[in-house]
$ cat model.txt   # compact mmCIF, C-alpha atoms
# COMPACT_ATOMS: atom_id res chain seq x y z
CA MET A 1 22.44 187.03 129.51
CA GLU A 2 23.24 187.01 133.22
CA THR A 3 21.38 184.37 135.16
CA TYR A 4 21.58 182.82 138.58
CA TYR A 5 21.75 179.34 137.02
CA HIS A 6 24.71 178.18 134.92
CA PRO A 7 24.90 174.59 133.58
CA GLN A 8 28.66 174.55 134.16
CA ASP A 9 27.97 174.98 137.90
CA LEU A 10 26.39 171.55 138.24
CA PRO A 11 29.73 169.65 138.34
CA LYS A 12 30.80 172.05 141.13
CA PHE A 13 28.19 170.57 143.47
CA GLU A 14 30.84 168.80 145.54
CA GLU A 15 32.58 172.11 146.23
CA VAL A 16 29.88 172.94 148.77
CA GLY A 17 31.73 170.48 150.98
CA GLU A 18 34.79 172.69 151.23
CA GLU A 19 33.57 174.62 154.24
CA ALA A 20 31.94 171.70 156.02
CA PRO A 21 33.63 168.53 154.79
CA GLU A 22 32.24 166.16 157.42
CA LEU A 23 28.65 167.17 156.77
CA ALA A 24 29.20 166.98 153.00
CA LYS A 25 30.77 163.54 153.32
CA LYS A 26 27.77 162.30 155.26
CA PHE A 27 25.36 163.87 152.80
CA PHE A 28 27.03 162.49 149.67
CA GLU A 29 27.38 159.03 151.18
CA TYR A 30 23.71 159.09 152.08
CA TYR A 31 22.84 160.41 148.62
CA ALA A 32 24.79 157.62 146.90
CA ALA A 33 23.17 155.00 149.14
CA VAL A 34 19.69 156.34 148.42
CA PHE A 35 20.17 156.01 144.67
CA ALA A 36 21.80 152.57 144.73
CA GLU A 37 19.65 149.63 143.68
CA GLY A 38 17.56 148.32 146.56
CA GLU A 39 13.93 147.28 146.57
CA LEU A 40 13.59 149.85 143.79
CA THR A 41 15.87 149.77 140.76
CA GLU A 42 18.22 152.64 139.96
CA ARG A 43 16.02 153.33 136.94
CA GLU A 44 12.88 153.66 139.08
CA LYS A 45 14.68 155.89 141.57
CA ALA A 46 15.90 158.17 138.79
CA LEU A 47 12.31 158.54 137.54
CA ILE A 48 11.15 159.49 141.05
CA ALA A 49 14.03 161.98 141.29
CA LEU A 50 13.03 163.49 137.94
CA ALA A 51 9.47 163.98 139.13
CA VAL A 52 10.62 165.53 142.42
CA ALA A 53 13.08 167.74 140.52
CA HIS A 54 10.15 169.20 138.63
CA THR A 55 8.20 169.68 141.84
CA VAL A 56 11.03 171.57 143.52
CA GLN A 57 11.77 173.21 140.14
CA CYS A 58 15.51 172.74 140.41
CA PRO A 59 17.21 173.24 136.99
CA TYR A 60 20.32 171.41 138.16
CA CYS A 61 18.27 168.39 139.24
CA ILE A 62 16.21 168.44 136.04
CA ASP A 63 19.41 168.45 133.97
CA ALA A 64 21.02 165.70 136.03
CA TYR A 65 17.99 163.41 136.23
CA SER A 66 16.88 163.84 132.61
CA GLN A 67 20.29 162.44 131.68
CA ALA A 68 20.24 159.85 134.45
CA CYS A 69 16.80 158.57 133.37
CA LEU A 70 18.00 158.07 129.79
CA GLU A 71 21.21 156.45 130.97
CA LYS A 72 19.29 154.05 133.21
CA GLY A 73 17.17 152.98 130.24
CA SER A 74 14.01 155.06 130.55
CA ASN A 75 12.39 156.65 127.54
CA LEU A 76 10.76 160.01 126.96
CA ALA A 77 7.23 158.64 127.37
CA GLU A 78 8.07 157.21 130.81
CA MET A 79 9.81 160.40 131.85
CA THR A 80 6.83 162.48 130.73
CA GLU A 81 4.44 160.25 132.71
CA ALA A 82 6.66 160.66 135.79
CA ILE A 83 6.36 164.43 135.49
CA HIS A 84 2.60 164.12 135.15
CA VAL A 85 2.56 162.21 138.45
CA ALA A 86 4.36 165.15 140.08
CA THR A 87 2.00 167.58 138.36
CA ALA A 88 -1.08 165.66 139.46
CA ILE A 89 0.07 165.60 143.08
CA ARG A 90 1.01 169.26 142.92
CA GLY A 91 -2.29 170.27 141.35
CA GLY A 92 -4.21 167.86 143.56
CA SER A 93 -2.61 169.24 146.69
CA SER A 94 -3.98 172.67 145.80
CA LEU A 95 -7.37 171.36 144.90
CA VAL A 96 -7.76 169.18 147.97
CA HIS A 97 -7.30 172.29 150.13
CA GLY A 98 -10.56 173.35 148.59
CA VAL A 99 -12.06 171.24 151.38
CA GLN A 100 -10.65 173.72 153.91
CA MET A 101 -11.95 176.59 151.83
CA ARG A 102 -15.38 174.99 151.77
CA ASN A 103 -15.31 174.28 155.52
CA ILE A 104 -14.43 177.89 156.29
CA ALA A 105 -16.90 179.31 153.81
CA LYS A 106 -19.66 177.07 155.14
CA LYS A 107 -18.88 177.96 158.73
CA ILE A 108 -19.21 181.68 158.21
CA SER A 109 -21.99 181.60 155.66
CA LEU A 110 -25.71 181.60 156.33
CA MET B 1 33.55 154.97 96.61
CA GLN B 2 34.80 157.10 99.47
CA GLN B 3 38.49 157.63 100.16
CA ARG B 4 39.81 155.83 103.19
CA PRO B 5 41.47 158.07 105.73
CA GLN B 6 45.25 158.00 105.96
CA PRO B 7 47.12 156.62 108.97
CA GLN B 8 46.83 158.96 111.89
CA ASP B 9 47.77 159.06 115.51
CA GLU B 10 46.53 160.89 118.55
CA ASP B 11 48.89 163.82 118.10
CA TRP B 12 47.64 164.29 114.55
CA ASP B 13 44.09 164.04 115.85
CA ALA B 14 44.73 166.60 118.59
CA ALA B 15 46.31 169.03 116.14
CA ARG B 16 43.42 168.69 113.71
CA ILE B 17 40.60 168.99 116.19
CA LYS B 18 40.58 171.24 119.21
CA MET B 19 40.00 168.63 121.86
CA PRO B 20 38.00 169.52 124.97
CA VAL B 21 39.70 166.65 126.85
CA GLU B 22 43.31 165.77 127.56
CA PRO B 23 44.88 163.26 125.14
CA PHE B 24 44.13 159.64 126.05
CA ARG B 25 47.86 158.92 126.11
CA GLN B 26 48.29 161.57 128.81
CA THR B 27 45.46 160.15 130.92
CA LEU B 28 47.03 156.69 130.72
CA ALA B 29 50.40 158.16 131.76
CA LYS B 30 48.83 159.97 134.71
CA HIS B 31 47.59 156.62 135.99
CA GLY B 32 50.92 154.93 135.24
CA LEU B 33 49.27 152.80 132.55
CA THR B 34 50.08 151.75 129.01
CA LEU B 35 47.80 150.01 126.54
CA THR B 36 49.59 146.97 125.21
CA ARG B 37 48.82 143.61 123.68
CA GLU B 38 47.96 140.45 125.54
CA LYS B 39 47.65 137.01 123.93
CA ILE B 40 45.59 137.33 120.73
CA THR B 41 42.48 135.19 120.95
CA THR B 42 40.04 136.93 118.59
CA LEU B 43 39.99 137.66 114.89
CA GLN B 44 37.46 140.33 114.03
CA VAL B 45 36.57 140.54 110.36
CA ASN B 46 34.79 143.57 109.01
CA VAL B 47 33.36 142.33 105.73
CA GLY B 48 32.25 145.71 104.45
CA LEU B 49 30.36 148.93 104.85
CA LEU B 50 27.30 147.95 102.84
CA CYS B 51 24.24 147.87 105.11
CA ASN B 52 20.48 148.00 104.66
CA GLN B 53 20.29 150.56 107.48
CA ALA B 54 22.07 153.89 107.99
CA CYS B 55 22.09 154.07 111.80
CA ARG B 56 22.78 157.48 113.23
CA HIS B 57 25.36 156.18 115.69
CA CYS B 58 27.37 154.14 113.15
CA HIS B 59 31.09 154.84 113.58
CA LEU B 60 31.80 153.46 110.09
CA GLU B 61 29.04 155.37 108.30
CA ALA B 62 27.79 152.13 106.80
CA GLY B 63 24.66 152.28 104.67
CA PRO B 64 22.76 151.16 101.58
CA ASN B 65 24.83 153.37 99.27
CA ARG B 66 28.20 152.01 100.38
CA GLU B 67 29.83 149.66 97.91
CA GLU B 68 32.79 148.51 99.98
CA VAL B 69 32.60 144.75 100.55
CA MET B 70 35.29 142.14 101.09
CA SER B 71 36.52 140.48 97.89
CA LYS B 72 36.74 136.71 97.37
CA GLU B 73 40.53 137.00 97.40
CA THR B 74 40.52 138.75 100.78
CA VAL B 75 38.08 136.16 102.14
CA ASP B 76 40.59 133.46 101.10
CA GLN B 77 43.36 135.36 102.90
CA VAL B 78 41.24 135.69 106.05
CA VAL B 79 40.46 131.96 106.00
CA ALA B 80 44.16 131.16 105.53
CA VAL B 81 45.07 133.27 108.59
CA ALA B 82 42.26 131.64 110.62
CA GLN B 83 43.62 128.23 109.63
CA ARG B 84 47.17 129.16 110.58
CA PHE B 85 46.51 130.76 113.98
CA ARG B 86 43.32 129.04 115.22
CA PHE B 87 41.61 131.89 117.09
CA GLU B 88 39.29 131.13 120.02
CA VAL B 89 36.79 133.61 118.61
CA ILE B 90 36.11 134.82 115.08
CA ASP B 91 33.83 137.82 115.00
CA ILE B 92 32.22 138.78 111.67
CA THR B 93 30.98 142.35 111.55
CA GLY B 94 30.13 145.09 109.05
CA GLY B 95 28.05 146.97 107.72
CA ALA B 96 25.51 144.23 107.49
CA PRO B 97 27.57 141.05 107.00
CA GLU B 98 24.44 139.33 105.66
CA MET B 99 24.69 141.53 102.55
CA THR B 100 28.24 140.49 101.68
CA PRO B 101 28.11 138.20 98.63
CA ASP B 102 30.50 135.62 100.16
CA ILE B 103 28.95 135.43 103.62
CA VAL B 104 27.75 131.82 103.21
CA ASP B 105 31.18 130.72 102.03
CA MET B 106 32.80 132.56 104.95
CA ILE B 107 30.55 130.95 107.54
CA LEU B 108 31.07 127.48 106.09
CA ARG B 109 34.85 127.87 105.97
CA LEU B 110 35.39 129.73 109.26
CA ALA B 111 33.02 127.74 111.51
CA PRO B 112 35.26 124.63 111.63
CA LEU B 113 38.27 126.78 112.50
CA THR B 114 37.03 128.22 115.81
CA SER B 115 34.89 127.26 118.77
CA ARG B 116 33.09 130.61 118.71
CA LEU B 117 32.10 132.07 115.37
CA MET B 118 30.11 135.27 115.93
CA LEU B 119 27.93 137.11 113.43
CA ARG B 120 27.02 140.69 114.30
CA SER B 121 23.60 141.41 112.90
CA ASN B 122 21.31 144.41 112.83
CA LEU B 123 18.46 141.80 112.73
CA THR B 124 16.60 143.42 109.82
CA ALA B 125 19.30 142.30 107.36
CA LEU B 126 18.72 138.71 108.49
CA ALA B 127 15.07 139.07 107.49
CA ARG B 128 15.39 141.21 104.39
CA GLU B 129 18.35 139.46 102.86
CA ARG B 130 17.47 137.41 99.82
CA ARG B 131 18.94 134.28 101.39
CA ALA B 132 16.12 133.08 103.59
CA ASP B 133 18.25 130.11 104.61
CA LEU B 134 20.85 132.25 106.40
CA ILE B 135 19.33 131.65 109.84
CA ASP B 136 19.34 127.89 109.17
CA LEU B 137 22.95 128.09 108.03
CA CYS B 138 23.87 129.92 111.25
CA LYS B 139 22.00 127.31 113.27
CA GLN B 140 23.71 124.38 111.53
CA ASN B 141 27.12 125.94 112.10
CA ARG B 142 26.41 127.00 115.70
CA VAL B 143 27.10 130.63 114.80
CA ILE B 144 26.61 132.99 117.75
CA ILE B 145 24.26 135.81 116.79
CA VAL B 146 25.12 139.19 118.30
CA ALA B 147 22.17 141.42 117.53
CA SER B 148 21.76 145.17 117.81
CA PHE B 149 18.76 146.03 119.95
CA PRO B 150 19.26 149.43 121.53
CA SER B 151 16.03 150.08 123.36
CA LEU B 152 12.76 148.53 124.50
CA ASN B 153 11.06 151.67 123.27
CA GLU B 154 10.08 151.88 119.61
CA ALA B 155 10.61 155.64 119.26
CA GLN B 156 14.07 155.50 120.85
CA ALA B 157 15.16 152.49 118.82
CA GLU B 158 13.98 154.01 115.56
CA SER B 159 15.55 157.39 116.31
CA GLN B 160 18.85 155.52 116.17
CA ARG B 161 18.19 152.84 113.54
CA GLY B 162 15.45 154.07 111.22
CA ARG B 163 11.70 153.76 110.75
CA GLY B 164 10.15 150.31 110.89
CA VAL B 165 13.26 148.72 112.39
CA PHE B 166 11.81 148.04 115.86
CA GLN B 167 8.92 145.78 114.89
CA GLU B 168 11.02 144.01 112.28
CA SER B 169 13.70 143.37 114.91
CA ILE B 170 11.08 141.93 117.26
CA ASP B 171 9.87 139.64 114.44
CA VAL B 172 13.41 138.43 113.70
CA LEU B 173 14.15 137.82 117.39
CA ARG B 174 10.99 135.69 117.57
CA LYS B 175 12.07 133.80 114.47
CA LEU B 176 15.51 133.18 115.98
CA ASN B 177 13.84 131.93 119.17
CA SER B 178 11.59 129.66 117.11
CA VAL B 179 14.58 127.81 115.67
CA GLY B 180 16.19 127.54 119.12
CA TYR B 181 18.36 130.63 119.36
CA GLY B 182 18.50 132.01 122.91
CA ARG B 183 16.65 128.96 124.30
CA PRO B 184 18.26 127.23 127.27
CA GLY B 185 20.04 124.00 126.34
CA SER B 186 19.88 124.62 122.58
CA GLY B 187 23.55 125.54 122.29
CA LEU B 188 22.46 128.39 120.04
CA GLU B 189 23.62 131.65 121.58
CA LEU B 190 21.72 134.87 120.99
CA ASN B 191 23.22 138.00 122.50
CA LEU B 192 21.87 141.52 122.33
CA VAL B 193 23.81 144.75 122.10
CA SER B 194 22.29 147.96 123.41
CA ASN B 195 23.85 151.29 122.54
CA PRO B 196 22.39 154.46 124.07
CA THR B 197 20.06 156.34 121.78
CA GLY B 198 21.83 159.67 122.18
CA ALA B 199 24.74 161.55 123.75
CA PHE B 200 24.64 159.76 127.06
CA LEU B 201 26.32 156.72 128.58
CA PRO B 202 24.75 153.28 128.87
CA SER B 203 23.15 151.96 132.00
CA SER B 204 24.73 149.27 134.14
CA GLN B 205 24.89 146.19 131.92
CA GLU B 206 23.60 143.93 134.66
CA GLN B 207 20.54 146.06 135.40
CA LEU B 208 19.80 146.65 131.74
CA GLU B 209 20.02 142.93 130.99
CA LYS B 210 17.60 142.18 133.81
CA ARG B 211 15.08 144.70 132.49
CA PHE B 212 15.39 143.66 128.84
CA CYS B 213 14.96 140.05 129.94
CA GLN B 214 11.74 140.85 131.83
CA VAL B 215 10.20 143.16 129.25
CA LEU B 216 11.10 141.15 126.15
CA GLU B 217 9.74 137.96 127.67
CA ASN B 218 6.57 139.50 129.14
CA LYS B 219 5.68 141.65 126.17
CA TRP B 220 6.83 139.59 123.21
CA GLY B 221 7.82 136.16 124.59
CA ILE B 222 11.43 136.72 123.49
CA VAL B 223 14.41 135.14 125.26
CA PHE B 224 18.12 135.74 124.82
CA ASN B 225 21.39 134.75 126.49
CA ASN B 226 23.30 137.93 127.29
CA LEU B 227 22.98 141.64 126.82
CA PHE B 228 25.96 143.91 126.29
CA ALA B 229 25.65 147.64 126.90
CA PHE B 230 28.16 149.65 124.88
CA ALA B 231 28.71 153.40 124.71
CA ASN B 232 28.57 155.07 121.32
CA VAL B 233 31.95 155.91 119.83
CA PRO B 234 32.43 159.54 118.79
CA LEU B 235 33.47 158.70 115.24
CA GLY B 236 31.81 158.61 111.85
CA ARG B 237 28.11 159.38 111.61
CA PHE B 238 27.70 159.62 115.40
CA ARG B 239 30.47 162.23 115.59
CA LEU B 240 28.81 164.24 112.81
CA TRP B 241 25.56 164.20 114.76
CA LEU B 242 27.38 165.19 117.97
CA GLU B 243 28.94 168.13 116.14
CA LYS B 244 25.72 169.25 114.46
CA SER B 245 23.65 168.96 117.63
CA GLY B 246 26.22 170.81 119.75
CA ASN B 247 26.81 167.77 121.97
CA LEU B 248 30.38 166.88 120.98
CA ASP B 249 32.40 168.64 123.68
CA LYS B 250 30.06 167.65 126.47
CA TYR B 251 29.97 164.03 125.31
CA LEU B 252 33.76 163.79 125.04
CA GLN B 253 34.07 165.32 128.49
CA LYS B 254 31.54 162.84 129.83
CA LEU B 255 33.56 159.94 128.40
CA ALA B 256 36.84 161.34 129.71
CA THR B 257 35.54 162.07 133.20
CA SER B 258 34.16 158.52 133.36
CA PHE B 259 37.66 157.10 132.69
CA ASN B 260 38.10 153.95 134.73
CA PRO B 261 41.72 152.80 135.00
CA CYS B 262 40.53 149.32 135.98
CA ALA B 263 38.84 148.93 132.58
CA ILE B 264 42.19 148.89 130.75
CA GLU B 265 42.99 145.31 131.69
CA GLY B 266 39.89 143.85 130.03
CA LEU B 267 39.78 145.95 126.86
CA MET B 268 38.99 143.90 123.78
CA CYS B 269 41.73 145.52 121.70
CA ARG B 270 44.34 143.79 123.86
CA SER B 271 43.38 140.35 122.62
CA LEU B 272 41.97 141.06 119.16
CA ILE B 273 43.11 141.86 115.67
CA SER B 274 40.68 143.52 113.34
CA VAL B 275 40.69 143.12 109.55
CA SER B 276 39.03 145.65 107.28
CA TRP B 277 37.03 144.78 104.16
CA GLU B 278 40.17 145.56 102.16
CA GLY B 279 42.23 143.20 104.31
CA TYR B 280 44.21 145.77 106.29
CA LEU B 281 44.97 145.16 109.95
CA PHE B 282 43.82 147.30 112.88
CA ASP B 283 43.72 147.03 116.66
CA CYS B 284 39.93 147.33 116.70
CA ASP B 285 36.92 148.26 114.57
CA PHE B 286 36.97 151.83 115.93
CA ASN B 287 40.56 152.32 114.84
CA GLN B 288 39.38 151.21 111.39
CA ALA B 289 36.93 154.11 111.41
CA ALA B 290 39.70 156.46 112.59
CA GLY B 291 42.22 155.13 110.05
CA LEU B 292 44.66 154.09 112.81
CA TYR B 293 46.51 151.02 111.55
CA LEU B 294 47.87 148.21 113.71
CA GLY B 295 51.58 148.51 114.37
CA THR B 296 53.74 151.13 112.84
CA ARG B 297 52.64 150.73 109.22
CA LYS B 298 49.71 149.81 107.00
CA THR B 299 49.84 146.01 106.86
CA HIS B 300 47.74 143.71 104.73
CA ILE B 301 46.52 140.38 106.09
CA SER B 302 48.39 138.64 103.26
CA GLU B 303 51.63 139.98 104.79
CA LEU B 304 50.85 138.78 108.33
CA LYS B 305 53.71 136.54 109.47
CA GLU B 306 53.13 136.46 113.22
CA LEU B 307 50.42 137.75 115.50
CA PRO B 308 51.34 140.85 117.53
CA ALA B 309 53.34 139.76 120.57
CA ARG B 310 52.43 140.43 124.20
CA GLY B 311 53.53 143.89 125.23
CA GLU B 312 53.33 145.45 121.77
CA PRO B 313 51.68 148.89 121.85
CA ILE B 314 48.13 149.53 120.64
CA ALA B 315 47.31 152.61 118.54
CA ILE B 316 45.24 155.04 120.62
CA SER B 317 43.29 158.23 120.16
CA SER B 318 40.64 160.27 121.95
CA HIS B 319 37.89 157.83 120.91
CA CYS B 320 39.53 155.26 123.22
CA TYR B 321 37.83 157.05 126.13
CA THR B 322 34.64 155.31 124.98
CA CYS B 323 35.95 151.89 125.93
CA THR B 324 37.31 153.00 129.29
CA ALA B 325 34.19 154.83 130.46
CA GLY B 326 32.61 153.24 133.50
CA SER B 327 32.98 149.50 133.56
CA GLY B 328 34.53 149.48 130.08
CA PHE B 329 33.84 148.04 126.66
CA THR B 330 35.03 144.48 126.62

$ encode --input "model.txt" --output "structure tokens"
Amino acid sequence: METYYHPQDLPKFEEVGEEAPELAKKFFEYYAAVFAEGELTEREKALIALAVAHTVQCPYCIDAYSQACLEKGSNLAEMTEAIHVATAIRGGSSLVHGVQMRNIAKKISL
Amino acid sequence: MQQRPQPQDEDWDAARIKMPVEPFRQTLAKHGLTLTREKITTLQVNVGLLCNQACRHCHLEAGPNREEVMSKETVDQVVAVAQRFRFEVIDITGGAPEMTPDIVDMILRLAPLTSRLMLRSNLTALARERRADLIDLCKQNRVIIVASFPSLNEAQAESQRGRGVFQESIDVLRKLNSVGYGRPGSGLELNLVSNPTGAFLPSSQEQLEKRFCQVLENKWGIVFNNLFAFANVPLGRFRLWLEKSGNLDKYLQKLATSFNPCAIEGLMCRSLISVSWEGYLFDCDFNQAAGLYLGTRKTHISELKELPARGEPIAISSHCYTCTAGSGFT
């Protein structure tokens, strides 16, 4: 079936640099630096990336960071909890706007 | 008893299986490299395919129903070679070496012949084996224990090694610690080996060791000396699983694209000879699984006149990508 997303496209990510090599170089250097071990371990960073990938709903990122999490030593339970963190924030961010809804409703209601 | 495969080489392998990666030989040539022998320092002895576990990543398809174990005569021949050449390291592997009938005799005879006698253990065989004194014997002979411990997570570990293995492994690690193994200053070395629990590559060894160290100590009070992170080799039972699960091509590609030319220099096959349970010679344990003999012909340890000289070629095939992926398998 035709689809906009193809798994074989993921390794072509670097090709986006062909038209703007300087910008791509800067981006990929920054990207590599972000994921290198610092105050957080590479394993912890991969778990954050997995959660964010689910928030932005990027199939490429979900594929890449599911593998990366396993490779960095995480297990399925940890990965599932990371996704729940993203889900909680995502759901919570909707729900907390209920305060605005209530403010508006109260203001215009008798 | 299963038939052993016949001698093969990479060209044979490539013709038999449609490979999704370029031949290893070609990749070496592209980088101007060859894989040749250095000074031989290690004798690796595979004492048989009998094992109490049937791990899903086992390249030798070892298990409880395998009957292949090293005979007394071959043990004598191995000891004679160890006496003649005095290896820095003798590495006993299997199967589960604990289940080989002559393991006690081997340890007693090989320990005085090397400064580093290693026993590769799946941990559960150390506990389940009828000889409860095996740990004491290892301790008395300063045998280095190299134990399989793939994951800190029970479900992951047992998906690779079988139900009940995780807790039993924890119990055996504690027992080893209680007699001094892994404790600073004891002189009793306990090393862990972690293989990924699926079709993915291992984490950085340094980072994984740090994490295992923290978690094992905090959760179970377990200490160890070193952790080695090794990729799974696409042979035997692991290859069958890769094929069945539709992961084979992608995994081979992953190994090949992770080829690190700098890893060649430190590869273990350069300084090791590997003996099968039947006494035949190989460049490594993986070549045993692939049926790739050392040198140009099938040679028995009883025929070994000289160790392979520096510069002699090593038999290679597509599975060699496993040892050159990332920082390498040394």

$ atom_distance --input "model.txt" --atom1 "CA of Ile301 in chain B" --atom2 "CA of Arg270 in chain B"
18.2 Å

$ residues_near_point --input "model.txt" --point "(47.8, 148.7, 125.6)" --cutoff "8 Å" --atoms "all atoms listed in the file" --output "PyMOL selection string"
chain B and resi 34-37+264+269-270+311-314

$ write_last_selection --input "model.txt" --atoms "C-alpha atoms" --output "compact mmCIF listing (two decimals), in the coordinates of the input"
# COMPACT_ATOMS: atom_id res chain seq x y z
CA THR B 34 50.08 151.75 129.01
CA LEU B 35 47.80 150.01 126.54
CA THR B 36 49.59 146.97 125.21
CA ARG B 37 48.82 143.61 123.68
CA ILE B 264 42.19 148.89 130.75
CA CYS B 269 41.73 145.52 121.70
CA ARG B 270 44.34 143.79 123.86
CA GLY B 311 53.53 143.89 125.23
CA GLU B 312 53.33 145.45 121.77
CA PRO B 313 51.68 148.89 121.85
CA ILE B 314 48.13 149.53 120.64

$ residues_around --input "model.txt" --residues "Pro196 in chain B" --least-positions-apart "5" --cutoff "8 Å" --atoms "all atoms listed in the file" --output "ChimeraX atom specification"
/A:71 /B:150-151,201-202,230-232

$ closest_atom_pairs --input "model.txt" --of "chain B" --to "chain A" --cutoff "12 Å" --atoms "only C-alpha atoms" --output "Markdown table"
| residue | atom | partner | partner_atom | distance |
| --- | --- | --- | --- | --- |
| B:Pro150 | CA | A:Gly73 | CA | 9.6 |
| B:Ser151 | CA | A:Gly73 | CA | 7.6 |
| B:Leu152 | CA | A:Gly73 | CA | 8.5 |
| B:Asn153 | CA | A:Asn75 | CA | 6.7 |
| B:Glu154 | CA | A:Asn75 | CA | 9.5 |
| B:Ala155 | CA | A:Asn75 | CA | 8.5 |
| B:Gln156 | CA | A:Asn75 | CA | 7.0 |
| B:Ala157 | CA | A:Asn75 | CA | 10.1 |
| B:Ser159 | CA | A:Asn75 | CA | 11.7 |
| B:Ser194 | CA | A:Gly73 | CA | 9.9 |
| B:Asn195 | CA | A:Glu71 | CA | 10.2 |
| B:Pro196 | CA | A:Glu71 | CA | 7.3 |
| B:Thr197 | CA | A:Leu70 | CA | 8.4 |
| B:Gly198 | CA | A:Leu70 | CA | 8.7 |
| B:Ala199 | CA | A:Gln67 | CA | 9.1 |
| B:Phe200 | CA | A:Glu71 | CA | 6.2 |
| B:Leu201 | CA | A:Glu71 | CA | 5.6 |
| B:Pro202 | CA | A:Glu71 | CA | 5.2 |
| B:Ser203 | CA | A:Lys72 | CA | 4.6 |
| B:Ser204 | CA | A:Lys72 | CA | 7.3 |
| B:Gln205 | CA | A:Lys72 | CA | 9.7 |
| B:Glu206 | CA | A:Lys72 | CA | 11.1 |
| B:Gln207 | CA | A:Thr41 | CA | 8.0 |
| B:Leu208 | CA | A:Gly73 | CA | 7.0 |
| B:Glu209 | CA | A:Gly73 | CA | 10.5 |
| B:Lys210 | CA | A:Thr41 | CA | 10.4 |
| B:Arg211 | CA | A:Gly73 | CA | 8.8 |
| B:Phe212 | CA | A:Gly73 | CA | 9.6 |
| B:Ala229 | CA | A:Gly73 | CA | 10.6 |
| B:Phe230 | CA | A:Glu71 | CA | 11.5 |
| B:Ala231 | CA | A:Glu71 | CA | 10.2 |
| B:Lys250 | CA | A:Gln8 | CA | 10.4 |
| B:Tyr251 | CA | A:Gln67 | CA | 11.7 |
| B:Gln253 | CA | A:Pro11 | CA | 11.6 |
| B:Lys254 | CA | A:Pro11 | CA | 11.0 |
| B:Thr257 | CA | A:Pro11 | CA | 10.8 |

$ residues_around --input "model.txt" --residues "range 163-174 of chain B" --least-positions-apart "3" --cutoff "10 Å" --atoms "all atoms listed in the file" --output "VMD selection string"
chain B and resid 53 122 to 128 135 147 to 160 177 to 182 190 192 216 220 to 224

$ atom_distance --input "model.txt" --atom1 "CA of Leu240 in chain B" --atom2 "CA of Gly326 in chain B"
23.7 Å

$ closest_residue --input "model.txt" --among "A:Leu23, A:Gly38, A:Pro59, A:Ala82" --to "His6 in chain A" --atoms "all atoms listed in the file"
A:Pro59

$ atom_distance --input "model.txt" --atom1 "CA of Gly295 in chain B" --atom2 "CA of Ala263 in chain B"
22.2 Å

$ residues_around --input "model.txt" --residues "range 237-239 of chain B" --least-positions-apart "2" --cutoff "9 Å" --atoms "all atoms listed in the file" --output "VMD selection string"
chain B and resid 54 to 62 198 232 to 235 241 to 244 248

$ closest_residue --input "model.txt" --among "A:Met79, A:Lys25, A:Glu14, A:Ser109" --to "Val52 in chain A" --atoms "all atoms listed in the file"
A:Met79

$ residues_around --input "model.txt" --residues "Leu255 in chain B" --least-positions-apart "4" --cutoff "8 Å" --atoms "all atoms listed in the file" --output "PyMOL selection string"
chain B and resi 201+251+259+321-322+324-325

$ closest_residue --input "model.txt" --among "B:Arg109, B:Val75, B:Ser327, B:His31" --to "Gly266 in chain B" --atoms "all atoms listed in the file"
B:Ser327

$ residues_around --input "model.txt" --residues "Val146 in chain B" --least-positions-apart "2" --cutoff "8 Å" --atoms "only C-alpha atoms" --output "number ranges by chain"
B: 118-121, 144, 148, 190-193

$ residues_near_point --input "model.txt" --point "(28.5, 145.5, 107.1)" --cutoff "7 Å" --atoms "all atoms listed in the file" --output "JSON, numbers by chain"
{"B": [46, 47, 48, 49, 50, 51, 62, 93, 94, 95, 96, 97]}

$ closest_residue --input "model.txt" --among "B:Thr74, B:Ser186, B:Gln26, B:Ser258" --to "Val45 in chain B" --atoms "only C-alpha atoms"
B:Thr74

$ closest_residue --input "model.txt" --among "B:Leu28, B:Cys138, B:Leu304, B:Val215" --to "Met106 in chain B" --atoms "all atoms listed in the file"
B:Cys138

$ build_atoms --input "model.txt" --residues "range 44-50 of chain A" --atoms "N, CA and C atoms" --output "PDB file, in the frame of the given file"
ATOM      1  N   GLU A  44      14.106 153.174 138.434  1.00  0.00           N
ATOM      2  CA  GLU A  44      12.880 153.660 139.080  1.00  0.00           C
ATOM      3  C   GLU A  44      13.190 154.868 139.972  1.00  0.00           C
ATOM      4  N   LYS A  45      14.321 154.776 140.684  1.00  0.00           N
ATOM      5  CA  LYS A  45      14.680 155.890 141.570  1.00  0.00           C
ATOM      6  C   LYS A  45      14.979 157.158 140.780  1.00  0.00           C
ATOM      7  N   ALA A  46      15.611 156.987 139.617  1.00  0.00           N
ATOM      8  CA  ALA A  46      15.900 158.170 138.790  1.00  0.00           C
ATOM      9  C   ALA A  46      14.602 158.810 138.281  1.00  0.00           C
ATOM     10  N   LEU A  47      13.605 157.990 137.982  1.00  0.00           N
ATOM     11  CA  LEU A  47      12.310 158.540 137.540  1.00  0.00           C
ATOM     12  C   LEU A  47      11.635 159.313 138.673  1.00  0.00           C
ATOM     13  N   ILE A  48      11.715 158.778 139.895  1.00  0.00           N
ATOM     14  CA  ILE A  48      11.150 159.490 141.050  1.00  0.00           C
ATOM     15  C   ILE A  48      11.880 160.829 141.220  1.00  0.00           C
ATOM     16  N   ALA A  49      13.229 160.762 141.115  1.00  0.00           N
ATOM     17  CA  ALA A  49      14.030 161.980 141.290  1.00  0.00           C
ATOM     18  C   ALA A  49      13.660 163.014 140.229  1.00  0.00           C
ATOM     19  N   LEU A  50      13.404 162.553 139.016  1.00  0.00           N
ATOM     20  CA  LEU A  50      13.030 163.490 137.940  1.00  0.00           C
ATOM     21  C   LEU A  50      11.707 164.187 138.270  1.00  0.00           C
TER      22      LEU A  50
END
